[in-house]
Structures are given as C-alpha cells and as structure tokens.
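Notes follow the structure.
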Amino acid sequence: MGDISMQQTLPRHVAIIMDGNGRWAKKNKLRVALGHRKGVETLREIIRESSDLGIEALTLYAFSTENWKRDPQEVGALMDLLLEFFTSEIDELDEKNVCILILGDVEAMPEKQKQALYNAMSRTGKNTGLKLNIAINYGGRAEIARAARLIAQDVADGKIRAEEIDEKLVASYLYTRDLPDVDLMIRTSGEMRLSNFLLYQCAYAEFDFPEVLWPDFTLAEYHKALNAFGKRERRFGGR
Ligand code: FPP
C-alpha cells in the first residue's frame, strides 16, 4: 500500500484542505451532499492513520467563513454532517486519546452544532494523543484580525506592553497557540491555492498538491505525501 518508511522524518504538523467533494459527486452523478458524505469517510481514515503513525497534529479545513455563500441545501448538508460526525465519532476519538480543538468562530455556529463542538473539545481536551484540529467557520485573515484585537485589548488593559509584541506573541493569540507550525500542507484535487487557511502558520510549510479528489484520497496517497515530505530538505531561510 505504498508503506511509509519508519526511518524517515514525519511531519509534526500536517494540514489538509479536503478539496474536490463537489467534483467527485458530479463525476459519479450524485448529489453534492453525497460527495461530502464520502469525504467524511476519507477523513475518518486519515485521522485514524495519523493517530496510529504518531503524528503530533493534524488540522483539517472543514468549513470556511466563505462557505456560508453556498446553496442553502449544501450548507444544510454540511451542518448535518458536522453534527453527525461530532456525535457518532466522539467515543472512538476519545478512546484513541485524540484531543480535539476547533479553530474558528464556534460562537456564531447554529445552536446544535455549537453544543456538539464545545462538547467535543471539553470531553477530549485533556487527551494526550493526536491533536486533531478542525477548522469550522474559519478564515485565516479573520484569525489574524482577531489576534490583533485581543492583543490591542491586552495592551489597553496594561497586561502587555506594545514593545513586547513579537512573532511568538502574535502566534500565542491565534487559535493554534499550542501547536507547532505547519510542516506539511496538502490540498487535494489539483488546486494550488491556500484559500485563506492557516496564513500565519504556513510560513515555512512544505506544500503537496495531489491530483486526486478528496473522496478518492487513499491511505496510499497519504503515505506518498508523507514519504515525499521526508525526502525534502528544509532550510527555513538558511543555506
Ligand atoms: C471542498 O470540496 C470541501 C468542503 C468545502 C467541505 C469539506 C467537508 C467535509 C469533508 C465534510 C464535513 C467535515 C467534517 C469534519 C465532518 P468542494 O465542495 O469545494 O469540492 P469542489 O471544489 O469539487 O466543488
């Protein structure tokens, strides 16, 4: 299955833009909701594999602040899937010691989803295994603007001084404050865009753009991306 060699360097933090559910549905003459449903199956496998491999953090883009503009039926289907996922998977994820963090504006989510998301975070928050971060109602620029607002407030309240604001401090005001920088960013379906995902955290990330649509992204494809990462030389601006 394109096994992954254990001597190689695994990324500490993998981020994935799960793109192509719509095109997969179209290709298979199915409703778009079924493309997303198939996408959730892929997502479950990738989470399980990341946990088994001992990857420290996995961050998935599930719903952006721009996704509200889609057809209400599609938005409704995505909301249903989110609710279903956080209700039906939570026992297994908790058993696997997975720690769930939601990145994004949870407060502005519909009531049921909001409760399920808060419940997932509080129930698994002390787990010490895979850090599973799911971006929902998330935008990278909005995240940076929010950090700026919080920092400004703390300066106004005298908790920090303006001179103390450096890169590390800014990072500590992001949703990802306790996570390492992204090492490997994967976007499926051949699109080569960041789409407002983890703008600050990807400063030194390696990028991989497999051609396959997300519902067709297999463990073999995942291993291929991890193996390719292990062979790259990262210089972080040095020689
Ligand atoms: C991009 O495909 C995918 C999304 C906008 C949503 C991703 C969501 C899931 C995989 C399911 C819900 C998530 C969880 C955590 C349960 P697209 O629809 O933009 O594809 P297209 O570009 O081919 O139209």
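Here's how to read the names in the structure tokens: chain A, B, ... by the order shown, residue numbers from 1 in each chain, ligand numbers from 1 in the order shown.
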
Which chains and residue numbers are within 9 Å of ligand 1, counting only C-alpha atoms and all ligand atoms, if I want them as a PyMOL selection string?
-> chain A and resi 17-26+32-33+35-44+60-64+67+74+77-86+134-136+189+191+213-215

Please give the complete set of residues from segment 10-225 of chain A that DSSP, run on the backbone, assigns to strand (DSSP E), formatted as JSON, numbers by chain.
-> {"A": [13, 14, 15, 16, 17, 57, 58, 59, 60, 61, 62, 63, 64, 99, 100, 101, 102, 103, 131, 132, 133, 134, 135, 136, 137, 138, 184, 185, 186, 187, 206, 207, 208]}

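Of the residues listed (A:Arg239, A:Arg141, A:Lys69, A:Lys29), A:Arg141 shows the shortest atom-to-atom separation from Asn196 of chain A; distances use only C-alpha atoms.
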
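Between atom CA of Val182 of chain A and atom CA of Val106 of chain A the separation is 22.1 Å.
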
Hey, what's within 12 Å of segment 56-58 of chain A if we count only C-alpha atoms and toss same-chain stuff fewer than 4 positions away? As a ChimeraX atom specification, please?
-> /A:10-17,43,46-52,97-102,128-135,176,178-186

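Pairwise distance (atom CA of Ala225 of chain A, atom CA of Phe209 of chain A) equals 8.9 Å.
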
If you count only C-alpha atoms, which residues fall within 12 Å of Asp154 of chain A, apart from same-chain ones fewer than 5 positions away, as a list of chain:residue names?
->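 Answer for this query is A:Ala147, A:Ala148, A:Arg149, A:Lys159, A:Ile160, A:Arg161, A:Ala162, A:Glu164, A:Ile165, A:Leu169, A:Tyr173.
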
One residue among A:Ile144, A:Thr65, A:Asp91, A:Ser122 is nearest to Ser195 of chain A when using only C-alpha atoms, and that residue is A:Thr65
